[in-house]
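Below is one structure, written out as structure tokens; the observations come after it.
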Amino acid sequence: RATEERSERKSGVYTIRGADTLPVTKMWFGSREGDDCSNGQMKAVLKIRPLFQYKFPDRKCVGGTLDVEKDEDTIKECRKRAKRRRNSLAVQYDDNTGKCSIFSTVPTGISSIVAGSSCEIATTSCDPSATLSLSEPPPPPTRPPPT
């Protein structure tokens with residue numbers, strides 16, 4: 001189900017969200033304004049935003065290409081900033097400093113535990129069975145119990 005929103009310029013925006021949608025097999029764009037379709041005046045734009053599906057609390061992103069760093073108040077604001085940028089594939093947020101790091105390539109690994117950090121990586125495949133493969137540092141050696 002789509003909701004139509006029109007501006008004064010007679011352009012339309014159709015918003016489709018989560019549970020309101022049905023499986024899409026074909027997508028059609030049309031115009032009710034005269035001969036827009038045949039004279040090339042109709043344009044369709046599809047904006048795709050990343051879904052940060054893979055979340056690693058208390059970890060930092062390792063590898064990947066850092067695109068930008070900004071200060072944000074919350075991880076939610078960091079995600080919003082990333083969704084407004086093109087090619088955002090991961091975010092790293094540090095609760096202690098408020099530093100929001102946005103990556104333009106998928107990180108190759110995650111760090112050892114770093115309290116207050118969070119690494120979130122976007123889904124890059126439409127295949128629901130696809131998995132993410134990351135390297136993780138080995139756990140620190142354990143000390144033998146005192147005798």
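Ligands are numbered from 1 in the order shown, chains are lettered A, B, ... in the order of the structure tokens, and residues start at 1 in each chain.
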Spatial neighbours of segment 111-124 of chain A, max dist 6 Å, only C-alpha atoms, sep filter under 4 positions, as a PyMOL selection string: chain A and resi 50-61+89-95
From the options A:Cys126, A:Val106, A:Leu132, A:Val62, which residue's atoms come nearest to Asn87 of chain A, counting only C-alpha atoms? A:Val106
Mind checking which residues fall within 12 Å of Asp71 of chain A, counting only C-alpha atoms, ignoring those fewer than 2 positions away in the same chain, and posting them as a compact mmCIF listing (two decimals) with N, CA, C and O atoms, in the first residue's frame?
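Output file result04.txt follows:
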```
# COMPACT_ATOMS: atom_id res chain seq x y z
N VAL A 68 33.32 9.52 6.88
CA VAL A 68 33.20 10.79 7.61
C VAL A 68 33.06 10.49 9.10
O VAL A 68 32.56 9.44 9.49
N GLU A 69 33.52 11.44 9.92
CA GLU A 69 33.32 11.38 11.37
C GLU A 69 32.67 12.67 11.82
O GLU A 69 33.11 13.76 11.44
N ASP A 73 24.60 13.03 19.29
CA ASP A 73 24.19 12.79 20.67
C ASP A 73 23.87 11.33 20.97
O ASP A 73 24.03 10.89 22.10
N THR A 74 23.38 10.60 19.97
CA THR A 74 22.98 9.21 20.20
C THR A 74 23.32 8.34 18.99
O THR A 74 23.56 8.85 17.90
N ILE A 75 23.28 7.03 19.19
CA ILE A 75 23.49 6.10 18.08
C ILE A 75 22.36 6.26 17.06
O ILE A 75 22.58 6.14 15.85
N GLU A 77 20.85 9.05 16.18
CA GLU A 77 21.19 10.20 15.34
C GLU A 77 22.32 9.85 14.37
O GLU A 77 22.35 10.32 13.23
N CYS A 78 23.24 9.01 14.82
CA CYS A 78 24.33 8.56 13.96
C CYS A 78 23.77 7.76 12.77
O CYS A 78 24.17 7.95 11.63
N ARG A 81 22.13 10.09 10.27
CA ARG A 81 23.13 10.78 9.45
C ARG A 81 23.61 9.85 8.34
O ARG A 81 23.74 10.25 7.18
N GLN A 92 29.81 3.41 13.25
CA GLN A 92 30.43 3.10 14.54
C GLN A 92 30.13 4.29 15.43
O GLN A 92 30.34 5.44 15.04
N TYR A 93 29.62 4.01 16.62
CA TYR A 93 29.28 5.10 17.53
C TYR A 93 29.95 4.83 18.87
O TYR A 93 29.96 3.70 19.36
N ASP A 94 30.49 5.89 19.46
CA ASP A 94 31.13 5.79 20.77
C ASP A 94 30.33 6.63 21.76
O ASP A 94 30.30 7.86 21.67
N ASP A 95 29.67 5.95 22.70
CA ASP A 95 28.86 6.63 23.72
C ASP A 95 29.70 7.59 24.57
O ASP A 95 29.21 8.61 25.03
N ASN A 96 30.95 7.24 24.81
CA ASN A 96 31.80 8.04 25.69
C ASN A 96 32.17 9.39 25.08
O ASN A 96 32.26 10.39 25.79
N THR A 97 32.38 9.44 23.76
CA THR A 97 32.83 10.67 23.10
C THR A 97 31.76 11.30 22.21
O THR A 97 31.89 12.45 21.81
N GLY A 98 30.71 10.53 21.85
CA GLY A 98 29.69 11.02 20.92
C GLY A 98 30.16 11.02 19.48
O GLY A 98 29.55 11.60 18.61
N LYS A 99 31.26 10.32 19.20
CA LYS A 99 31.82 10.29 17.84
C LYS A 99 31.05 9.28 16.99
O LYS A 99 30.90 8.12 17.35
N CYS A 100 30.57 9.76 15.84
CA CYS A 100 29.84 8.95 14.87
C CYS A 100 30.74 8.78 13.65
O CYS A 100 31.10 9.75 13.00
N SER A 101 31.10 7.55 13.35
CA SER A 101 31.94 7.25 12.19
C SER A 101 31.10 6.51 11.17
O SER A 101 30.43 5.53 11.50
N ILE A 102 31.14 6.96 9.92
CA ILE A 102 30.35 6.36 8.85
C ILE A 102 31.30 5.79 7.80
O ILE A 102 32.21 6.46 7.35
```
Using atom CA of Ser135 of chain A and atom CA of Arg85 of chain A as the two end points, give the distance in Å to one decimal. 26.3 Å
Every residue of segment 67-114 of chain A that DSSP places in helix (DSSP H, G or I), as number ranges by chain: A: 75-84
